Each structure stands twice: as C-alpha cells, then as structure tokens.
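Here is the structure we will look at, set down as structure tokens.
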Amino acid sequence: MRELGDRGVVMVNVYSELCHQAGDVRDMQDIMRDYYLDRPFFDELLGLFQERTMAETKAVMEAGVEWVFANCYYNSISAGWSPAIFEEVFVPHITAQVDLVHSYGGYVDYYDDGNLSRSMGLIAGCGVDVLETCTPPPMCDFDLQEAKATIGEKVTLKGYVDLLYVVKRGTPEMVEQTVAEAMEIAKPGGGFIIGSSDSFREGTPPENMHAYFQSC
C-alpha cells in the first residue's frame, strides 16, 4: 500500500466457505445433494468453513487491510446453485462478511466470474462495494445496461471485457469497440471500473493487450 500510494488498490484474497474450502474437502456435486438429502450435515459443513472465512476476514482487517477480495466463484449460479438456495444459504454469509469488513472501515470486492443475471441483485443487496467480473454473452449472461440501471446506484461494477472471445481471439478493433461500448454504458455517473472477465491468458496477442490498455 505504501509503494502504490494512490496509483492502485491492494486487495487481500479471502475465500468463501465453499471456494477451495468446503468445496474442495467434499465434491461440489455431493454438497449439492447434501442440501436435499442431509441438510443438518450440509449446514454443519458450510457453517464450519464460514467460521473460518469470518475468522480470516477479522484477522486481515485487524492487520490493517483496507480491501477484501471476496472470492466466491464456487458459490456462483454457474456452479449449479439455484437462485433460491443462493438467497437462503449464501446471502446471509455474504452479508455477515461485508458487515464485518465495513465495521473496520474497509471495502469488499465480490468476485463471481460466472452468470450474474439472477444473482446480481441479491449480491448488491448484501452491501458489497464492488461486483465483478460482469461477463457478457457468449461466456456468461451479464447485461451491463440492465445492471447499471438496476443496481448501479448500490454497487460499483467491475470487469465486462471478455478475455477469451474479445481480447485473446479478437482483433484490436474489437477490443477498442468493446471498451468503448462499456464506457458509454457504464461510465456516466461513476460506479464503473473497466476490467476483464478474468486474468488474461497465455497466447493473447500483444497487439490486443496494447489495444486494451490504450482504449481504457
């Protein structure tokens, strides 16, 4: 943070109760079946790792962290959870973590690189400060214009530029057009951070990367 000053933001990754925690200890398909076949076990398993997530969050906040990167892609609708289960099970967990971070004066960047059309309102309602990766079709289902209109006053949107079909497999002209469209839709009024739909991949043409940063 001292090195970057106001030139950037340092985030500390804290995994959700599922991400590389319960979801790695037990197969995700089995956990999903547990919800229906053995609900007490399901609640106990997720509760155990939620306690760990909260303890880790508290520890980093007490160490002076300002931004928590809430890594939650195992919780995604794309992982197979229904919106109803997401709202029942995960929304209280997300809200608890957000409230804890905010109690220390910090911020939460919520990471879900999957479909968000059916969960973005629920996530925004948890009080997260930033929602990413806002990936549009064909990879996912995010409608930037709809999101800006419905949750744009509650949460900062981050991402949108498709790392595969636009930046890796596209052309510099396609990259420039995508960035321009995103800015036109979401930049007015603030609350938008242009970004990619995940980390840029090996094999991405240098000219496309250059076009991305120049366009941004």
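Residue names in the structure tokens use chain letters A, B, ... in the order shown, residue numbers from 1 in each chain, and ligand numbers from 1 in the order shown.
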Hey, which bits of range 20-112 of chain A sit within 10 Å of range 146-164 of chain A, and for each residue what's the closest pair of atoms and how far apart in Å (one decimal), counting only C-alpha atoms, rows by chain and increasing number, as JSON lines?
```
{"residue": "A:Asp109", "atom": "CA", "partner": "A:Thr156", "partner_atom": "CA", "distance": 9.0}
{"residue": "A:Tyr110", "atom": "CA", "partner": "A:Lys158", "partner_atom": "CA", "distance": 9.7}
{"residue": "A:Tyr111", "atom": "CA", "partner": "A:Lys158", "partner_atom": "CA", "distance": 9.5}
```
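Running DSSP on the backbone and keeping only strand (DSSP E), the residues of range 76-141 of chain A that qualify are Tyr107, Val108, Asp109, Tyr110, Tyr111, Val130, Leu131, Glu132 and Thr133 of chain A.
Across the model, the gap from CA of Trp81 in chain A to CA of Phe41 in chain A is 17.4 Å.
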Quiz prompt | Within 7 Å of Gly114 in chain A using only C-alpha atoms, minus same-chain residues under 5 positions, as number ranges by chain | solution = A: 76, 78, 140
Write the residues of the selection above to a file with N, CA and C atoms, as a JSON list (two decimals), in the first residue's frame.
```json
[["chain", "number", "residue", "atom", "x", "y", "z"],
["A", 76, "SER", "N", -21.27, -19.52, -7.13],
["A", 76, "SER", "CA", -21.95, -18.93, -8.29],
["A", 76, "SER", "C", -23.15, -19.75, -8.75],
["A", 78, "SER", "N", -23.53, -20.26, -11.72],
["A", 78, "SER", "CA", -22.90, -21.08, -12.75],
["A", 78, "SER", "C", -22.36, -22.40, -12.19],
["A", 140, "CYS", "N", -21.01, -15.64, -20.51],
["A", 140, "CYS", "CA", -21.96, -15.57, -19.40],
["A", 140, "CYS", "C", -23.18, -14.76, -19.83]]
```
Dump as a Markdown table the rows for residues of range 87-123 of chain A within 10 Å of range 44-53 of chain A: closest atom pair and distance in Å with one decimal, only C-alpha atoms counted, ordered by chain and rising residue number.
```
| residue | atom | partner | partner_atom | distance |
| --- | --- | --- | --- | --- |
| A:Val89 | CA | A:Leu46 | CA | 9.2 |
| A:Phe90 | CA | A:Leu46 | CA | 9.7 |
| A:His93 | CA | A:Gln50 | CA | 7.1 |
| A:Ile94 | CA | A:Gln50 | CA | 9.6 |
| A:Ala96 | CA | A:Gln50 | CA | 9.7 |
| A:Gln97 | CA | A:Thr53 | CA | 8.1 |
```
Exercise. Considering only C-alpha atoms, return as a list in words whatever protein or nucleic-acid residues lie within 9 Å of range 175-179 of chain A, sequence-local ones (same chain, fewer than 5 positions apart) excluded.
Key: Tyr160, Val161, Asp162, Val166, Val167, Gly170, Glu184, Ile194, Gly195, Asn208, Met209, Ala211, Tyr212, Gln214, Ser215 and Cys216 of chain A
